[in-house]
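**Q** Structure below; questions to follow.
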Amino acid sequence: MDKPEDETVHYDGPAGGWGSLKGISRIYAKELASPAVIETLRRQNKPGGFMCVSCAWTKPAHPHPAEFCENGAKATLWELTSRRCTPEFFDRHSVSELKEWPDHDLEQEGRLTHPMRYDRASDRYLPVSWAEAFREIGAELRALDPKSTAFYTSGRASLETSYLYALFARLYGHNNLPDSSNMCHETTSVGLKKVTGSPVGTCVLSDFDQCDAIFFFGQNTGSNSPRFLHPLQEAVKRGCRIVTFNPVQEPGLIKFVNPQSPTEMLTKKSTPISELYFQVRPGGDIAAIMGLCKHVLARDAELFARDKRHLIDTAFIEQHCHGYDDFVACANAASWEEIERESGLSRADLEAAADIYCDAEKVIGIYGMGVTQHVHGSQTIGMLVNLLLLRGNIGREGAGISPVRGHSNVQGQRTVGISEKPELVPNDRLKRLFDFEPPMDKGMNTVEACEGIIAGKVKAFVSLGGNFVRAIPERGKMEGAWTKMHLTVQIATKLNRSHLINGEIAYLLPCLGRSEEDMQASGPQTVTMEDSLSCIHGSVGKRKPASEHLLSELAIVTGIAKETLPPNPKVRWDEWVGDYGKVRDLIEASYPDKFTDFNDRLFTPGGFYKGSKARERIWKAESGKAEFTVPTTLSSCGFDDAPGRYRLITLRSNDQFNTTIYGYSDRMRGIEGTRDVLLINPDEMARAGLAAGQVVALVSDAEDGVHREVGGLTVTPFSLPDRCVAAYYPEMNPLVPLSHHDKLSKTPAAKSVPVRIRANDCSSR
Ligand SMILES: Nc1nc2c(c(=O)[nH]1)N[C@H]1C(S)=C(S)[C@@H](COP(=O)(O)OP(=O)(O)OC[C@H]3O[C@@H](n4cnc5c(=O)[nH]c(N)nc54)[C@H](O)[C@@H]3O)O[C@H]1N2
Ligand SMILES: Nc1nc2c(c(=O)[nH]1)N[C@H]1C(S)=C(S)[C@@H](COP(=O)(O)OP(=O)(O)OC[C@H]3O[C@@H](n4cnc5c(=O)[nH]c(N)nc54)[C@H](O)[C@@H]3O)O[C@H]1N2
Ligand SMILES: [Mo]
């Protein structure tokens, strides 16, 4: 493993450990949370408890005494803050004034308490009653062409709310259901499905107890799914070998001190995680995996010549795979020179990694945004599947492919109908259940919704969670276009920047958080979500709601629906709000194979498994088999190298959850006190004539020639590959062109954005 150069900014400690406890206590103090919150944390991610609002990592059947991580605790404390963002606050501050506030300060105001309506004359949000809000939103939606509206979902909303929200859209007359998954793992939903027939991973938790090797591509476990470090640590301790490909040296994948282990905490004894760690060039994974495959095939040929035996699983390939010969021809033809250039890694390093792959009987492939957020991200997924198929590593215990999802229910929303693609929805069943004609034309995903907004075709946007305008690409153009919409409705827990960029009529509707008690006519309600490993869990909030004026997300969605749609005896919104069990019955009736006996299995320890056809080696892909694919390029970044052009990686820090900025301490990377940094390696710095501490601007270097710029960035030496730079998301989003997305799925390509550095920064952001 390369040591970080001494002159770079870096963090030498392990993930977890005392640093993570300090991280939690800092937020605890900052949020003025009450001691009773500890009780909520104790119930987090346990059967019968409430399921963390942070990441989608699975919840084990035998949880730790404290089954939460630094970032899960922060997310809970953030929701349970004692701070309140009240009508008085909005009376004191105009919307124009609030637009000047940093993201961190907006959310820091605390929980929204009242439904609010934007008043253009005073440029302020004013309180409004729920009944009036629903009435006006319903009337406006009725007056619009349904196809000119979009209903966005961020990946947190429960299965129950998501199901009814999607039903509302279809009853109203559109499939315009973009969601955060479109910026995230849509590459998986499309790219993985293309090759295995299944849009989700094939692994379950017990596979991590059995695997011999794990190959990691572009997923930052230590920050983004820290509870996953526990099974990883246990795997390493029993001899599993971990190989990581990531341009950034992420401490969580280097070493870990388990904060749940008193011995480890007191002795500060860390477990090394990755045996080999390769700082691949951003966009270099197709090339790197091609190198691995080349070496596996070469070793196979050698073994066969010597012993008439195969290293690859020929029986599996014969029975289960399609396209093998073409792939072998392509791998044999690929030149090592090109592989080394595109991956930034040496042949010797790639061969060492491939030897670990060959020597392991059972291998798991893991990936995250470092793979999905590229112009050819789908092809990288195809390559990783190629590698795994070579030795039959999909569809057997201890092996498989495991995309690590982001939001706590982002995978589940797609399962229950949040999709712009009508062919993914059981429309025949919906038709029978609710006696209507579901719209059959394709709706808009996130990028298409943005295009529609810019073109003036989208007139209304309802946002169930999220901070859409901040999270999407092309912020400059989007903020301007957003205000031209007729109606914008935001359903949220805390104030964010998207709530300040308003359509002609704008509502801000506050909802319950998942940790809060959701009391309805039949009593306190349970909601459900699906984790990254396809297990479904019930979640019960017990905390007193942040304000007596809050409604549940489900009540808000049905409240709007009722005022928008004509009566239909089969559509019983009030009954469903009164008892979420009835919504689960509808989910079961719509998806009987996945949700059998749904209401009886809510609290199965470890969740109940939805199942995966690919895990059973039933391939729903085009050929009826698992597909080997031939990549069209060895670089997933989608643009050529050019003098002065860098590949910009947009990073998440350890102190943020998406656009929610908890603070300015990226402890895991050693960056403290600011997010306005440009990370670059010292050699590149010298070549570009830059000095540490200098303030520069990044400008777009995309082919479309559009001027995009973000200034005020302090040059910070950091261990990174050549020809790339890194800076934080969402601050860098103005630099991402809307057209810069994965070819197959339209997931914005936020991990290789073409930029130049302008040394004389004369702008401010
Ligand atoms: N604390 C916290 N937890 C979170 C979130 C959060 O913001 N904060 N967000 C949630 C959400 S919605 C999501 S989707 C997930 C995201 O979790 P991840 O999938 O981990 O996403 P990122 O941190 O954006 O990027 C992952 C890694 O990809 C690496 N990378 C960048 N480019 C490349 C490349 O070309 N090749 C390779 N091999 N690696 C590359 C980056 O260095 C980074 O370490 O986390 C979820 N959990
Ligand atoms: N450049 C770049 N851009 C990216 C990414 C990247 O890596 N780089 N990552 C992309 C990814 S993976 C994602 S998922 C998106 C996500 O980006 P975001 O839209 O930021 O995601 P959220 O965390 O859902 O949104 C945060 C807001 O959700 C609201 N909220 C919190 N809890 C609740 C709740 O329980 N209910 C409701 N209704 N609202 C709630 C709060 O008001 C909060 O302000 O960003 C994408 N954009
Ligand atoms: Mo995400």
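Letters A, B, ... mark the chains of the structure tokens in the order given; residue numbers begin at 1 per chain; ligand numbers begin at 1, in order shown.
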List every residue of stretch 114-357 of chain A that DSSP, applied to the backbone of this structure, places in strand (DSSP E), and write the result as a PyMOL selection string.
**A** chain A and resi 116-119+124-127+149-153+213-217+241-245+255-257+271-272+276-278+321-322
**Q** What does the file look like for those residues with N, CA and C atoms, as a compact mmCIF listing (two decimals), in the first residue's frame?
**A**
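This went into selection-v2.txt:
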# COMPACT_ATOMS: atom_id res chain seq x y z
N MET A 116 -46.48 25.84 6.15
CA MET A 116 -46.23 27.23 5.76
C MET A 116 -46.51 27.40 4.27
N ARG A 117 -46.92 28.63 3.93
CA ARG A 117 -47.16 28.97 2.53
C ARG A 117 -46.34 30.21 2.23
N TYR A 118 -45.70 30.22 1.06
CA TYR A 118 -44.87 31.37 0.71
C TYR A 118 -45.75 32.54 0.28
N ASP A 119 -45.46 33.71 0.87
CA ASP A 119 -46.20 34.92 0.51
C ASP A 119 -45.24 35.84 -0.26
N ARG A 124 -42.04 36.20 2.53
CA ARG A 124 -41.91 35.41 3.76
C ARG A 124 -42.80 34.17 3.68
N TYR A 125 -42.42 33.16 4.47
CA TYR A 125 -43.31 32.02 4.69
C TYR A 125 -44.29 32.38 5.80
N LEU A 126 -45.59 32.15 5.54
CA LEU A 126 -46.61 32.43 6.56
C LEU A 126 -47.32 31.12 6.92
N PRO A 127 -47.74 30.97 8.19
CA PRO A 127 -48.42 29.73 8.57
C PRO A 127 -49.77 29.60 7.85
N THR A 149 -46.54 17.54 -14.32
CA THR A 149 -46.15 17.61 -12.91
C THR A 149 -45.21 16.44 -12.58
N ALA A 150 -44.39 16.61 -11.53
CA ALA A 150 -43.49 15.53 -11.11
C ALA A 150 -43.59 15.35 -9.60
N PHE A 151 -43.59 14.10 -9.17
CA PHE A 151 -43.63 13.77 -7.73
C PHE A 151 -42.30 13.11 -7.36
N TYR A 152 -41.42 13.86 -6.73
CA TYR A 152 -40.08 13.35 -6.37
C TYR A 152 -40.11 12.69 -4.99
N THR A 153 -39.29 11.68 -4.81
CA THR A 153 -39.13 11.06 -3.49
C THR A 153 -37.67 10.95 -3.17
N ALA A 213 -12.64 -13.71 0.11
CA ALA A 213 -12.09 -12.42 -0.32
C ALA A 213 -13.22 -11.46 -0.66
N ILE A 214 -12.94 -10.17 -0.42
CA ILE A 214 -13.92 -9.14 -0.79
C ILE A 214 -13.19 -8.10 -1.62
N PHE A 215 -13.75 -7.77 -2.77
CA PHE A 215 -13.18 -6.73 -3.63
C PHE A 215 -14.07 -5.50 -3.56
N PHE A 216 -13.48 -4.38 -3.13
CA PHE A 216 -14.22 -3.13 -2.92
C PHE A 216 -13.93 -2.13 -4.01
N PHE A 217 -14.97 -1.59 -4.62
CA PHE A 217 -14.79 -0.56 -5.64
C PHE A 217 -15.63 0.66 -5.28
N ARG A 241 -9.64 -11.97 2.87
CA ARG A 241 -8.69 -10.98 2.35
C ARG A 241 -9.47 -9.88 1.62
N ILE A 242 -9.11 -8.63 1.91
CA ILE A 242 -9.86 -7.51 1.31
C ILE A 242 -8.94 -6.69 0.39
N VAL A 243 -9.45 -6.44 -0.79
CA VAL A 243 -8.71 -5.66 -1.78
C VAL A 243 -9.57 -4.46 -2.15
N THR A 244 -8.98 -3.27 -2.07
CA THR A 244 -9.78 -2.07 -2.31
C THR A 244 -9.23 -1.24 -3.47
N PHE A 245 -10.15 -0.76 -4.28
CA PHE A 245 -9.82 0.16 -5.37
C PHE A 245 -10.53 1.47 -5.09
N LYS A 255 -7.97 0.78 8.38
CA LYS A 255 -7.99 0.12 9.69
C LYS A 255 -9.17 0.58 10.53
N PHE A 256 -9.57 -0.25 11.48
CA PHE A 256 -10.81 -0.01 12.22
C PHE A 256 -10.63 -0.42 13.69
N VAL A 257 -11.06 0.47 14.60
CA VAL A 257 -11.17 0.08 16.02
C VAL A 257 -12.66 0.02 16.33
N THR A 271 -7.86 -3.18 13.69
CA THR A 271 -7.75 -4.29 12.73
C THR A 271 -7.45 -3.69 11.37
N PRO A 272 -6.37 -4.14 10.72
CA PRO A 272 -6.17 -3.67 9.34
C PRO A 272 -7.31 -4.24 8.50
N LEU A 276 -4.66 -5.16 0.32
CA LEU A 276 -4.12 -4.35 -0.78
C LEU A 276 -5.08 -3.19 -1.00
N TYR A 277 -4.50 -2.00 -1.20
CA TYR A 277 -5.33 -0.81 -1.41
C TYR A 277 -4.75 -0.06 -2.61
N PHE A 278 -5.52 0.06 -3.65
CA PHE A 278 -5.02 0.67 -4.87
C PHE A 278 -5.72 1.98 -5.17
N CYS A 321 -24.04 -18.98 -18.33
CA CYS A 321 -23.61 -17.67 -18.86
C CYS A 321 -23.74 -17.57 -20.37
N HIS A 322 -23.85 -16.32 -20.80
CA HIS A 322 -23.95 -16.01 -22.22
C HIS A 322 -22.84 -15.00 -22.53
**Q** In stretch 195-235 of chain A, what's alpha helix (DSSP H) per DSSP? Answer as a ChimeraX atom specification?
**A** /A:195-196,207-210,221-224,229-235
**Q** What does the file look like for those residues with C-alpha atoms, as a tab-separated table (two decimals), in the first residue's frame?
**A**
chain	number	residue	atom	x	y	z
A	195	VAL	CA	-26.37	-8.53	-16.79
A	196	THR	CA	-27.82	-10.61	-13.94
A	207	ASP	CA	-22.31	-14.53	3.05
A	208	PHE	CA	-19.91	-12.21	4.86
A	209	ASP	CA	-19.27	-14.99	7.42
A	210	GLN	CA	-18.14	-17.33	4.67
A	221	THR	CA	-17.71	2.16	4.33
A	222	GLY	CA	-16.16	4.07	7.24
A	223	SER	CA	-18.25	7.20	6.61
A	224	ASN	CA	-21.29	6.01	4.72
A	229	LEU	CA	-17.27	-2.37	9.34
A	230	HIS	CA	-18.30	-4.93	12.01
A	231	PRO	CA	-18.86	-7.87	9.66
A	232	LEU	CA	-15.80	-6.73	7.69
A	233	GLN	CA	-13.64	-6.74	10.79
A	234	GLU	CA	-14.90	-10.19	11.72
A	235	ALA	CA	-14.25	-11.43	8.19
**Q** I'd like the contact shell of A:Ser34 - 12 Å cut-off, only C-alpha atoms, skipping same-chain residues fewer than 2 positions apart - returned as a PyMOL selection string.
**A** chain A and resi 28-32+36-41+77-78+80-83+543-544
**Q** Counting only C-alpha atoms and all ligand atoms, name the residues that have an atom within 6 Å of an atom of ligand 2; the answer should be given as a PyMOL selection string.
**A** chain A and resi 154+180+183-184+464-468+471-472+491-496+513-514+650+657-660+729-730+733+750
**Q** Using only C-alpha atoms, which residues sit within 8 Å of stretch 545-559 of chain A once same-chain residues fewer than 5 positions away are excluded, as a PyMOL selection string?
**A** chain A and resi 80+82+84+111+113-115+134+157+160-161+164-165+168+464+491+510-513+516-518+573-574+577
